[in-house]
Amino acid sequence: MAGSRISGFHRLGMAERLEVVAGFAGLTAAQVAVLAETGALPAELADRLVENAIGVMPVPIGIASNLKVDGVDRLVPMATEESSVVAAVCNAARLVYDAGGFVTSASGPLMIAQIQLTGVSDPQHSRLEILERREEIAGICDGCDPVLVRHGGGFRELEVRVLETRGGPMVITHIVVDTRDAMGANAVNTMAERLAPSIEGWCGGKVYLRILSNLADRRLVRARAVWPADALGGAEVVDGIVAASHFAEADPYRAATHNKGVMNGISACVLATGNDTRAIEAGAHAYAARSGQYRSLSRFERTAEGDLAGSLELPLAVGLVGGATKVHPTARVCVAILGVTTAVEMARVFCAVGLAQTFAALRALSTVGIQKGHMALHAQNLAMMAGAVGEEVDRVADAMVATGEVRVDVAERVLGELRGG
Ligand code: NAD
């Protein structure tokens, strides 16, 4: 077998690269054809988006229906490979639709970039030297991005901290930038890099890192909703969801799974719109740990009337311009379906989806359990894994669900019987 050290691989065309990989991995012609079929993302564009491209990874887009966000009905595209995620949002949103749906708010699209100054003997003095130059710093930052400034964004605030570290004190400068409809990573990274030599010039020492923080806690979005107890099946269901919320607030083991439920919804929206899922996940989990203990992002309480009040707050640095958002054809269509005109408006809809998603998970978990709803779709996946095609998929899945034995070995056996084996 050939090795992985392929000289000049990046200089090959996409089809040639695929040929090399096929030879390396022994792919069949059918497997090569799967990768070569790039669907709505033209091969040329895929090749520009990432390095060494050989194909694409299609993920289904499902539409979350029934959402009313700030009085506006929305259909929300969600790109996810996980079954039950889209259905869960639809159900959660349906149960709260007549009660008014979701109410959201946002702190505004402020991003933070950090500049790490090391090796100064007088860090407190240096901190003030930097703070005194606020106007100069604002000018340097805004000078990097006249387009952003034209759109109403640009430098907003300056924060400087002395950080005690294992390697000695560091002077950490934060520039806070309004990035408007951009996620803003490139925008603020450029500013931080441009500013670094000036900081070294003013204070001495050496700047190493100059990059945004994904803990975008100046870019928070919030969503809340009240689910009527009657719509949920009564007071006991409300109590169960509230108890689940208390559990997740107190225990990081539970909080991790609780927040995975939130992000099932949000990451799917983020991916559908061509935004950076890793940036959003990093921000959400860092925000969940801001007290020093990792906690749940969403909270559920019983209202005075006995209904269920849900709330969610997290950083959501998503953009409508920049990165892949404006160039990926599928992402553009998803944004068109959402019908939003600003990045903040989009983030608010995503936050509502996150709240709906976490509600649905807790409702299932605190009542019948998660597996009941999952099983029908999971059974279909297992049937396909066992080789079922066309109508066989439903027949094998139904047979497994009926017996309560939903496993791949059972799928294989049922399929064999179906085919008269
Ligand atoms: P970008 O630089 O591609 O585009 C943003 C620019 O678009 C702005 O700087 C501005 O000049 C212009 N613009 C035009 N119309 C605008 C409007 N209405 N509002 C705001 N700006 C407007 O993109 P970006 O958002 O700065 O960077 C996003 C990309 O950076 C993503 O692909 C992300 O994956 C990547 N990235 C992320 C990280 C991280 O999260 N740690 C680090 C580096 C890069």
# chains A, B, ... in the order shown; residues from 1 in each chain; ligands from 1
>>> closest_atom_pairs(of="range 305-379 of chain A", to="range 93-97 of chain A", cutoff="12 Å", atoms="only C-alpha atoms", output="Markdown table")
| residue | atom | partner | partner_atom | distance |
| --- | --- | --- | --- | --- |
| A:Asp307 | CA | A:Val96 | CA | 11.1 |
| A:Leu308 | CA | A:Val96 | CA | 10.2 |
| A:Ala309 | CA | A:Val96 | CA | 10.6 |
| A:Gly310 | CA | A:Val96 | CA | 10.8 |
| A:Ala352 | CA | A:Ala93 | CA | 9.1 |
| A:Val353 | CA | A:Ala93 | CA | 8.4 |
| A:Gly354 | CA | A:Ala93 | CA | 10.9 |
| A:Leu355 | CA | A:Ala93 | CA | 9.4 |
| A:Ala356 | CA | A:Ala93 | CA | 6.1 |
| A:Gln357 | CA | A:Ala93 | CA | 8.9 |
| A:Thr358 | CA | A:Ala93 | CA | 11.3 |
| A:Phe359 | CA | A:Ala93 | CA | 9.5 |
| A:Ala360 | CA | A:Ala93 | CA | 9.1 |
| A:Arg363 | CA | A:Leu95 | CA | 11.5 |
>>> write_last_selection(atoms="C-alpha atoms", output="mmCIF file, in the first residue's frame")
data_model
loop_
_atom_site.group_PDB
_atom_site.id
_atom_site.type_symbol
_atom_site.label_atom_id
_atom_site.label_comp_id
_atom_site.auth_asym_id
_atom_site.auth_seq_id
_atom_site.Cartn_x
_atom_site.Cartn_y
_atom_site.Cartn_z
ATOM 1 C CA ASP A 307 -47.023 26.337 34.003
ATOM 2 C CA LEU A 308 -43.486 25.651 32.781
ATOM 3 C CA ALA A 309 -41.186 28.631 32.161
ATOM 4 C CA GLY A 310 -38.100 27.831 30.127
ATOM 5 C CA ALA A 352 -35.410 29.751 20.343
ATOM 6 C CA VAL A 353 -34.630 26.485 18.548
ATOM 7 C CA GLY A 354 -32.122 25.625 21.280
ATOM 8 C CA LEU A 355 -34.744 26.201 23.956
ATOM 9 C CA ALA A 356 -37.312 24.120 22.083
ATOM 10 C CA GLN A 357 -34.754 21.335 21.694
ATOM 11 C CA THR A 358 -33.757 21.204 25.354
ATOM 12 C CA PHE A 359 -37.419 21.339 26.424
ATOM 13 C CA ALA A 360 -38.237 18.376 24.179
ATOM 14 C CA ARG A 363 -39.908 16.308 28.591
#
>>> residues_near_ligand(ligand="ligand 1", cutoff="6 Å", atoms="only C-alpha atoms and all ligand atoms", output="list of chain:residue names")
A:Asp145, A:Val147, A:Leu148, A:His151, A:Thr179, A:Arg180, A:Asp181, A:Ala182, A:Met183, A:Gly184, A:Ala185, A:Asn186, A:Ala187, A:Asn214, A:Asp276, A:Ala279, A:Val321, A:Gly322, A:Gly323, A:Ala324
>>> write_last_selection(atoms="N, CA and C atoms", output="mmCIF file, in the first residue's frame")
data_model
loop_
_atom_site.group_PDB
_atom_site.id
_atom_site.type_symbol
_atom_site.label_atom_id
_atom_site.label_comp_id
_atom_site.auth_asym_id
_atom_site.auth_seq_id
_atom_site.Cartn_x
_atom_site.Cartn_y
_atom_site.Cartn_z
ATOM 1 N N ASP A 145 -10.650 47.993 8.883
ATOM 2 C CA ASP A 145 -11.865 47.456 8.264
ATOM 3 C C ASP A 145 -12.886 48.553 7.956
ATOM 4 N N VAL A 147 -14.928 48.756 5.634
ATOM 5 C CA VAL A 147 -16.228 48.205 5.212
ATOM 6 C C VAL A 147 -17.097 47.953 6.445
ATOM 7 N N LEU A 148 -16.479 47.362 7.465
ATOM 8 C CA LEU A 148 -17.225 47.098 8.706
ATOM 9 C C LEU A 148 -17.711 48.408 9.323
ATOM 10 N N HIS A 151 -20.669 49.759 7.686
ATOM 11 C CA HIS A 151 -21.901 49.047 8.045
ATOM 12 C C HIS A 151 -22.323 49.320 9.486
ATOM 13 N N THR A 179 -19.186 43.628 15.286
ATOM 14 C CA THR A 179 -18.928 43.031 13.966
ATOM 15 C C THR A 179 -20.207 42.935 13.118
ATOM 16 N N ARG A 180 -21.253 43.622 13.571
ATOM 17 C CA ARG A 180 -22.493 43.696 12.781
ATOM 18 C C ARG A 180 -22.964 42.330 12.277
ATOM 19 N N ASP A 181 -23.028 42.135 10.952
ATOM 20 C CA ASP A 181 -23.579 40.892 10.410
ATOM 21 C C ASP A 181 -22.515 39.852 10.106
ATOM 22 N N ALA A 182 -21.282 40.106 10.554
ATOM 23 C CA ALA A 182 -20.221 39.101 10.373
ATOM 24 C C ALA A 182 -20.033 38.337 11.674
ATOM 25 N N MET A 183 -19.650 37.052 11.576
ATOM 26 C CA MET A 183 -19.225 36.333 12.785
ATOM 27 C C MET A 183 -18.057 37.083 13.384
ATOM 28 N N GLY A 184 -17.151 37.529 12.529
ATOM 29 C CA GLY A 184 -16.171 38.518 12.951
ATOM 30 C C GLY A 184 -14.784 38.018 13.274
ATOM 31 N N ALA A 185 -14.549 36.710 13.142
ATOM 32 C CA ALA A 185 -13.225 36.190 13.523
ATOM 33 C C ALA A 185 -12.115 36.844 12.702
ATOM 34 N N ASN A 186 -12.266 36.815 11.401
ATOM 35 C CA ASN A 186 -11.215 37.417 10.563
ATOM 36 C C ASN A 186 -11.099 38.910 10.832
ATOM 37 N N ALA A 187 -12.248 39.542 10.992
ATOM 38 C CA ALA A 187 -12.259 40.991 11.195
ATOM 39 C C ALA A 187 -11.461 41.364 12.450
ATOM 40 N N ASN A 214 -13.396 32.812 21.705
ATOM 41 C CA ASN A 214 -14.685 32.196 21.385
ATOM 42 C C ASN A 214 -15.662 32.266 22.560
ATOM 43 N N ASP A 276 -19.840 28.663 11.667
ATOM 44 C CA ASP A 276 -18.763 27.869 12.268
ATOM 45 C C ASP A 276 -19.284 27.144 13.506
ATOM 46 N N ALA A 279 -16.912 27.140 16.631
ATOM 47 C CA ALA A 279 -16.873 28.406 17.361
ATOM 48 C C ALA A 279 -18.083 28.503 18.293
ATOM 49 N N VAL A 321 -22.616 37.320 6.651
ATOM 50 C CA VAL A 321 -21.560 37.551 5.656
ATOM 51 C C VAL A 321 -20.283 36.919 6.204
ATOM 52 N N GLY A 322 -19.338 36.681 5.327
ATOM 53 C CA GLY A 322 -18.054 36.160 5.784
ATOM 54 C C GLY A 322 -18.029 34.648 5.865
ATOM 55 N N GLY A 323 -16.820 34.093 5.927
ATOM 56 C CA GLY A 323 -16.668 32.635 5.969
ATOM 57 C C GLY A 323 -17.379 32.006 4.789
ATOM 58 N N ALA A 324 -18.062 30.880 5.062
ATOM 59 C CA ALA A 324 -18.752 30.172 3.978
ATOM 60 C C ALA A 324 -20.175 30.673 3.794
#
>>> select_by_dssp(residues="range 183-297 of chain A", states="strand (DSSP E)", output="PyMOL selection string")
chain A and resi 206-212+220-227
>>> closest_residue(among="A:Pro146, A:Pro42, A:Thr367, A:Gly8", to="Gly233 in chain A", atoms="only C-alpha atoms")
A:Thr367
>>> residues_around(residues="Ile337 in chain A", least_positions_apart="2", cutoff="8 Å", atoms="only C-alpha atoms", output="PyMOL selection string")
chain A and resi 75-77+333-335+339
>>> select_by_dssp(residues="range 131-268 of chain A", states="helix (DSSP H, G or I)", output="CSV table (one decimal) with N, CA, C and O atoms, in the first residue's frame")
chain,number,residue,atom,x,y,z
A,131,LEU,N,-4.3,51.4,28.3
A,131,LEU,CA,-5.6,52.0,28.5
A,131,LEU,C,-5.6,53.5,28.1
A,131,LEU,O,-6.6,54.0,27.6
A,134,ARG,N,-6.6,54.6,24.3
A,134,ARG,CA,-7.9,54.1,23.8
A,134,ARG,C,-8.2,54.7,22.4
A,134,ARG,O,-8.6,54.0,21.5
A,135,GLU,N,-8.1,56.0,22.2
A,135,GLU,CA,-8.4,56.7,21.0
A,135,GLU,C,-7.5,56.2,19.8
A,135,GLU,O,-8.0,55.9,18.7
A,136,GLU,N,-6.2,56.1,20.1
A,136,GLU,CA,-5.3,55.6,19.1
A,136,GLU,C,-5.6,54.2,18.7
A,136,GLU,O,-5.6,53.8,17.5
A,137,ILE,N,-5.9,53.4,19.7
A,137,ILE,CA,-6.3,52.0,19.5
A,137,ILE,C,-7.5,51.9,18.6
A,137,ILE,O,-7.6,51.1,17.7
A,138,ALA,N,-8.5,52.7,19.0
A,138,ALA,CA,-9.8,52.7,18.2
A,138,ALA,C,-9.5,53.0,16.7
A,138,ALA,O,-10.0,52.4,15.8
A,139,GLY,N,-8.6,54.0,16.5
A,139,GLY,CA,-8.2,54.4,15.1
A,139,GLY,C,-7.5,53.3,14.4
A,139,GLY,O,-7.8,53.0,13.2
A,140,ILE,N,-6.6,52.6,15.1
A,140,ILE,CA,-5.9,51.5,14.4
A,140,ILE,C,-6.9,50.4,14.0
A,140,ILE,O,-6.8,49.9,12.9
A,141,CYS,N,-7.8,50.0,15.0
A,141,CYS,CA,-8.7,48.9,14.7
A,141,CYS,C,-9.7,49.3,13.6
A,141,CYS,O,-9.8,48.6,12.6
A,142,ASP,N,-10.3,50.5,13.7
A,142,ASP,CA,-11.2,50.9,12.6
A,142,ASP,C,-10.6,51.1,11.3
A,142,ASP,O,-11.2,50.8,10.2
A,143,GLY,N,-9.3,51.4,11.3
A,143,GLY,CA,-8.5,51.6,10.0
A,143,GLY,C,-8.4,50.3,9.3
A,143,GLY,O,-8.1,50.3,8.1
A,144,CYS,N,-8.4,49.2,10.0
A,144,CYS,CA,-8.3,47.8,9.4
A,144,CYS,C,-9.5,47.5,8.6
A,144,CYS,O,-9.4,46.6,7.7
A,146,PRO,N,-12.6,49.4,7.0
A,146,PRO,CA,-13.5,50.5,6.6
A,146,PRO,C,-14.9,50.0,6.2
A,146,PRO,O,-15.9,50.6,6.4
A,147,VAL,N,-14.9,48.8,5.6
A,147,VAL,CA,-16.2,48.2,5.2
A,147,VAL,C,-17.1,48.0,6.4
A,147,VAL,O,-18.3,48.3,6.5
A,148,LEU,N,-16.5,47.4,7.5
A,148,LEU,CA,-17.2,47.1,8.7
A,148,LEU,C,-17.7,48.4,9.3
A,148,LEU,O,-18.9,48.5,9.8
A,149,VAL,N,-16.9,49.4,9.3
A,149,VAL,CA,-17.2,50.7,9.9
A,149,VAL,C,-18.4,51.3,9.1
A,149,VAL,O,-19.3,51.8,9.7
A,150,ARG,N,-18.3,51.2,7.8
A,150,ARG,CA,-19.4,51.7,6.9
A,150,ARG,C,-20.7,51.0,7.3
A,150,ARG,O,-21.8,51.6,7.1
A,185,ALA,N,-14.5,36.7,13.1
A,185,ALA,CA,-13.2,36.2,13.5
A,185,ALA,C,-12.1,36.8,12.7
A,185,ALA,O,-11.1,37.4,13.3
A,186,ASN,N,-12.3,36.8,11.4
A,186,ASN,CA,-11.2,37.4,10.6
A,186,ASN,C,-11.1,38.9,10.8
A,186,ASN,O,-10.0,39.5,10.9
A,187,ALA,N,-12.2,39.5,11.0
A,187,ALA,CA,-12.3,41.0,11.2
A,187,ALA,C,-11.5,41.4,12.4
A,187,ALA,O,-10.6,42.2,12.4
A,188,VAL,N,-11.8,40.7,13.6
A,188,VAL,CA,-11.1,41.1,14.8
A,188,VAL,C,-9.6,40.6,14.9
A,188,VAL,O,-8.8,41.2,15.5
A,189,ASN,N,-9.4,39.4,14.3
A,189,ASN,CA,-8.0,38.9,14.3
A,189,ASN,C,-7.1,39.9,13.5
A,189,ASN,O,-5.9,40.1,13.9
A,190,THR,N,-7.6,40.4,12.4
A,190,THR,CA,-6.8,41.4,11.7
A,190,THR,C,-6.4,42.6,12.6
A,190,THR,O,-5.3,43.1,12.6
A,191,MET,N,-7.5,43.1,13.3
A,191,MET,CA,-7.2,44.2,14.2
A,191,MET,C,-6.2,43.9,15.3
A,191,MET,O,-5.3,44.7,15.5
A,192,ALA,N,-6.3,42.7,15.9
A,192,ALA,CA,-5.4,42.3,16.9
A,192,ALA,C,-4.0,42.2,16.4
A,192,ALA,O,-3.0,42.6,17.1
A,193,GLU,N,-3.9,41.7,15.2
A,193,GLU,CA,-2.5,41.5,14.7
A,193,GLU,C,-1.9,42.9,14.3
A,193,GLU,O,-0.7,43.2,14.6
A,194,ARG,N,-2.7,43.8,13.9
A,194,ARG,CA,-2.3,45.2,13.5
A,194,ARG,C,-1.9,45.9,14.7
A,194,ARG,O,-0.9,46.7,14.7
A,195,LEU,N,-2.6,45.7,15.9
A,195,LEU,CA,-2.3,46.4,17.1
A,195,LEU,C,-1.1,46.0,17.8
A,195,LEU,O,-0.4,46.7,18.6
A,196,ALA,N,-0.7,44.7,17.6
A,196,ALA,CA,0.3,44.1,18.5
A,196,ALA,C,1.7,44.9,18.4
A,196,ALA,O,2.2,45.1,19.5
A,197,PRO,N,2.2,45.3,17.3
A,197,PRO,CA,3.5,46.0,17.3
A,197,PRO,C,3.4,47.3,18.1
A,197,PRO,O,4.4,47.7,18.8
A,198,SER,N,2.3,48.0,18.1
A,198,SER,CA,2.1,49.2,18.8
A,198,SER,C,2.2,48.9,20.3
A,198,SER,O,2.9,49.6,21.1
A,199,ILE,N,1.5,47.8,20.8
A,199,ILE,CA,1.6,47.5,22.2
A,199,ILE,C,3.0,47.2,22.6
A,199,ILE,O,3.5,47.6,23.7
A,200,GLU,N,3.7,46.4,21.8
A,200,GLU,CA,5.1,46.1,22.1
A,200,GLU,C,5.9,47.4,22.2
A,200,GLU,O,6.8,47.6,23.0
A,201,GLY,N,5.6,48.3,21.2
A,201,GLY,CA,6.3,49.6,21.2
A,201,GLY,C,6.1,50.5,22.5
A,201,GLY,O,7.0,51.1,23.0
A,202,TRP,N,4.8,50.5,23.0
A,202,TRP,CA,4.5,51.3,24.1
A,202,TRP,C,5.1,50.7,25.4
A,202,TRP,O,5.5,51.4,26.3
A,203,CYS,N,5.0,49.3,25.5
A,203,CYS,CA,5.3,48.7,26.8
A,203,CYS,C,6.6,47.8,26.8
A,203,CYS,O,7.0,47.4,27.9
A,229,ALA,N,-49.2,24.1,31.5
A,229,ALA,CA,-49.1,22.7,32.1
A,229,ALA,C,-50.1,21.8,31.4
A,229,ALA,O,-49.7,20.6,31.1
A,230,ASP,N,-51.2,22.3,31.0
A,230,ASP,CA,-52.2,21.4,30.4
A,230,ASP,C,-51.7,20.8,29.1
A,230,ASP,O,-52.0,19.7,28.7
A,231,ALA,N,-51.0,21.7,28.3
A,231,ALA,CA,-50.5,21.2,27.0
A,231,ALA,C,-49.5,20.1,27.2
A,231,ALA,O,-49.2,19.3,26.3
A,232,LEU,N,-48.8,20.1,28.3
A,232,LEU,CA,-47.8,19.1,28.6
A,232,LEU,C,-48.2,17.8,29.2
A,232,LEU,O,-47.5,16.9,29.3
A,235,ALA,N,-49.4,18.8,35.9
A,235,ALA,CA,-48.4,19.3,36.9
A,235,ALA,C,-47.3,18.3,37.1
A,235,ALA,O,-46.1,18.8,37.3
A,236,GLU,N,-47.5,17.1,36.9
A,236,GLU,CA,-46.4,16.1,37.2
A,236,GLU,C,-45.3,16.2,36.1
A,236,GLU,O,-44.2,16.1,36.4
A,237,VAL,N,-45.8,16.5,34.9
A,237,VAL,CA,-44.8,16.7,33.8
A,237,VAL,C,-44.0,17.9,34.1
A,237,VAL,O,-42.7,17.9,33.9
A,238,VAL,N,-44.6,19.0,34.5
A,238,VAL,CA,-43.9,20.2,34.8
A,238,VAL,C,-42.9,19.9,35.9
A,238,VAL,O,-41.7,20.3,35.8
A,239,ASP,N,-43.3,19.2,37.0
A,239,ASP,CA,-42.4,18.9,38.1
A,239,ASP,C,-41.2,18.1,37.6
A,239,ASP,O,-40.1,18.3,38.1
A,240,GLY,N,-41.5,17.2,36.7
A,240,GLY,CA,-40.4,16.3,36.2
A,240,GLY,C,-39.3,17.1,35.5
A,240,GLY,O,-38.1,17.0,35.6
A,241,ILE,N,-39.8,18.1,34.7
A,241,ILE,CA,-38.9,18.9,33.9
A,241,ILE,C,-38.1,19.9,34.8
A,241,ILE,O,-36.9,20.1,34.6
A,242,VAL,N,-38.8,20.4,35.8
A,242,VAL,CA,-38.1,21.3,36.7
A,242,VAL,C,-37.1,20.5,37.5
A,242,VAL,O,-35.9,21.0,37.7
A,243,ALA,N,-37.4,19.3,37.9
A,243,ALA,CA,-36.4,18.5,38.7
A,243,ALA,C,-35.2,18.2,37.8
A,243,ALA,O,-34.1,18.2,38.2
A,244,ALA,N,-35.5,17.9,36.5
A,244,ALA,CA,-34.4,17.7,35.6
A,244,ALA,C,-33.5,18.9,35.4
A,244,ALA,O,-32.2,18.8,35.3
A,245,SER,N,-34.1,20.1,35.4
A,245,SER,CA,-33.3,21.3,35.3
A,245,SER,C,-32.5,21.5,36.6
A,245,SER,O,-31.3,21.8,36.5
A,246,HIS,N,-33.0,21.2,37.7
A,246,HIS,CA,-32.2,21.4,39.0
A,246,HIS,C,-31.0,20.4,39.0
A,246,HIS,O,-29.9,20.8,39.4
A,247,PHE,N,-31.3,19.2,38.5
A,247,PHE,CA,-30.2,18.2,38.4
A,247,PHE,C,-29.1,18.7,37.5
A,247,PHE,O,-27.9,18.7,37.9
A,248,ALA,N,-29.4,19.3,36.4
A,248,ALA,CA,-28.4,19.8,35.4
A,248,ALA,C,-27.7,21.0,35.9
A,248,ALA,O,-26.5,21.2,35.6
A,249,GLU,N,-28.4,21.8,36.7
A,249,GLU,CA,-27.7,23.0,37.3
A,249,GLU,C,-26.6,22.6,38.3
A,249,GLU,O,-25.6,23.3,38.5
A,250,ALA,N,-26.9,21.5,39.0
A,250,ALA,CA,-26.0,21.1,40.1
A,250,ALA,C,-24.9,20.1,39.7
A,250,ALA,O,-23.9,20.0,40.4
A,252,PRO,N,-22.2,18.6,36.8
A,252,PRO,CA,-21.6,18.7,35.5
A,252,PRO,C,-21.8,17.5,34.6
A,252,PRO,O,-21.9,17.6,33.3
A,253,TYR,N,-21.9,16.3,35.2
A,253,TYR,CA,-22.1,15.1,34.4
A,253,TYR,C,-23.4,15.2,33.6
A,253,TYR,O,-23.6,14.8,32.5
A,254,ARG,N,-24.4,15.6,34.3
A,254,ARG,CA,-25.8,15.8,33.7
A,254,ARG,C,-25.8,17.0,32.8
A,254,ARG,O,-26.3,17.0,31.7
A,255,ALA,N,-25.1,18.1,33.3
A,255,ALA,CA,-25.1,19.4,32.5
A,255,ALA,C,-24.5,19.2,31.1
A,255,ALA,O,-25.0,19.7,30.1
A,256,ALA,N,-23.5,18.3,31.0
A,256,ALA,CA,-22.9,18.1,29.7
A,256,ALA,C,-23.9,17.5,28.7
A,256,ALA,O,-24.0,18.0,27.5
A,257,THR,N,-24.7,16.6,29.2
A,257,THR,CA,-25.7,15.9,28.3
A,257,THR,C,-26.9,16.9,28.1
A,257,THR,O,-27.4,17.0,27.0
A,258,HIS,N,-27.3,17.6,29.1
A,258,HIS,CA,-28.3,18.6,29.0
A,258,HIS,C,-27.9,19.7,27.9
A,258,HIS,O,-28.7,20.0,27.0
A,259,ASN,N,-26.7,20.1,28.0
A,259,ASN,CA,-26.3,21.1,27.0
A,259,ASN,C,-26.1,20.5,25.6
A,259,ASN,O,-26.2,21.2,24.6
A,260,LYS,N,-25.8,19.3,25.5
A,260,LYS,CA,-25.7,18.6,24.2
A,260,LYS,C,-27.1,18.7,23.6
A,260,LYS,O,-27.2,18.9,22.4
A,261,GLY,N,-28.1,18.6,24.4
A,261,GLY,CA,-29.5,18.7,23.9
A,261,GLY,C,-29.8,20.1,23.4
A,261,GLY,O,-30.4,20.2,22.3
A,262,VAL,N,-29.3,21.1,24.1
A,262,VAL,CA,-29.4,22.5,23.5
A,262,VAL,C,-28.7,22.6,22.2
A,262,VAL,O,-29.3,23.1,21.2
A,263,MET,N,-27.5,22.1,22.1
A,263,MET,CA,-26.7,22.3,20.9
A,263,MET,C,-27.1,21.4,19.8
A,263,MET,O,-26.8,21.7,18.6
A,264,ASN,N,-27.9,20.3,20.0
A,264,ASN,CA,-28.4,19.5,18.9
A,264,ASN,C,-29.2,20.4,18.0
A,264,ASN,O,-29.2,20.3,16.8
A,265,GLY,N,-30.0,21.4,18.6
A,265,GLY,CA,-30.8,22.3,17.8
A,265,GLY,C,-29.9,23.4,17.2
A,265,GLY,O,-30.0,23.7,16.0
A,266,ILE,N,-29.1,24.0,18.1
A,266,ILE,CA,-28.4,25.2,17.6
A,266,ILE,C,-27.3,24.8,16.6
A,266,ILE,O,-27.2,25.5,15.6
A,267,SER,N,-26.5,23.8,16.8
A,267,SER,CA,-25.5,23.5,15.9
A,267,SER,C,-26.1,23.1,14.5
A,267,SER,O,-25.4,23.4,13.5
A,268,ALA,N,-27.3,22.5,14.5
A,268,ALA,CA,-27.9,22.1,13.2
A,268,ALA,C,-28.2,23.4,12.4
A,268,ALA,O,-28.1,23.4,11.2
>>> closest_residue(among="A:Ser298, A:Asn381, A:Ser311, A:Ser213", to="Ser105 in chain A", atoms="only C-alpha atoms")
A:Ser311
>>> residues_around(residues="Ala347 in chain A", least_positions_apart="2", cutoff="10 Å", atoms="only C-alpha atoms", output="PyMOL selection string")
chain A and resi 104-106+109+219-222+266+269-270+315-319+340+342-345+349-353
>>> atom_distance(atom1="CA of Ala286 in chain A", atom2="CA of Ala216 in chain A")
9.1 Å
>>> closest_residue(among="A:Gln293, A:Gln114, A:Ser7, A:Thr80", to="Thr277 in chain A", atoms="only C-alpha atoms")
A:Thr80
>>> residues_around(residues="Gly168 in chain A", least_positions_apart="3", cutoff="10 Å", atoms="only C-alpha atoms", output="list in words")
Thr118, Gly119, Val120, Ser121, Leu163, Glu164 and Thr165 of chain A
>>> atom_distance(atom1="CA of Asn91 in chain A", atom2="CA of Val59 in chain A")
21.9 Å
>>> residues_around(residues="Pro329 in chain A", least_positions_apart="2", cutoff="10 Å", atoms="only C-alpha atoms", output="list of chain:residue names")
A:Ala40, A:Leu41, A:Pro42, A:Leu45, A:Thr273, A:Gly274, A:Ala324, A:Thr325, A:Lys326, A:Val327, A:Ala331, A:Arg332, A:Val333, A:Cys334
>>> closest_residue(among="A:Ala29, A:Arg295, A:Ser84, A:Ala15", to="Asn52 in chain A", atoms="only C-alpha atoms")
A:Ala15
>>> residues_around(residues="range 405-410 of chain A", least_positions_apart="6", cutoff="12 Å", atoms="only C-alpha atoms", output="ChimeraX atom specification")
/A:371-372,374-388,396-399,416-417
>>> write_last_selection(atoms="C-alpha atoms", output="compact mmCIF listing (two decimals), in the first residue's frame")
# COMPACT_ATOMS: atom_id res chain seq x y z
CA GLN A 371 -35.69 5.79 23.65
CA LYS A 372 -39.40 5.55 22.81
CA HIS A 374 -35.83 7.61 19.16
CA MET A 375 -36.54 3.99 18.44
CA ALA A 376 -38.65 4.27 15.31
CA LEU A 377 -36.02 6.35 13.50
CA HIS A 378 -33.13 4.47 15.05
CA ALA A 379 -34.72 1.23 13.86
CA GLN A 380 -34.76 2.57 10.31
CA ASN A 381 -31.05 3.41 10.54
CA LEU A 382 -30.30 -0.08 11.80
CA ALA A 383 -32.41 -1.61 9.04
CA MET A 384 -30.37 0.29 6.45
CA MET A 385 -27.15 -0.75 8.18
CA ALA A 386 -28.30 -4.35 7.85
CA GLY A 387 -28.71 -3.82 4.09
CA ALA A 388 -32.45 -3.13 3.78
CA VAL A 396 -37.68 -4.35 9.05
CA ALA A 397 -37.89 -1.28 11.31
CA ASP A 398 -41.58 -1.86 12.12
CA ALA A 399 -40.93 -5.50 12.94
CA GLY A 416 -33.12 -12.45 5.96
CA GLU A 417 -36.59 -13.77 6.79
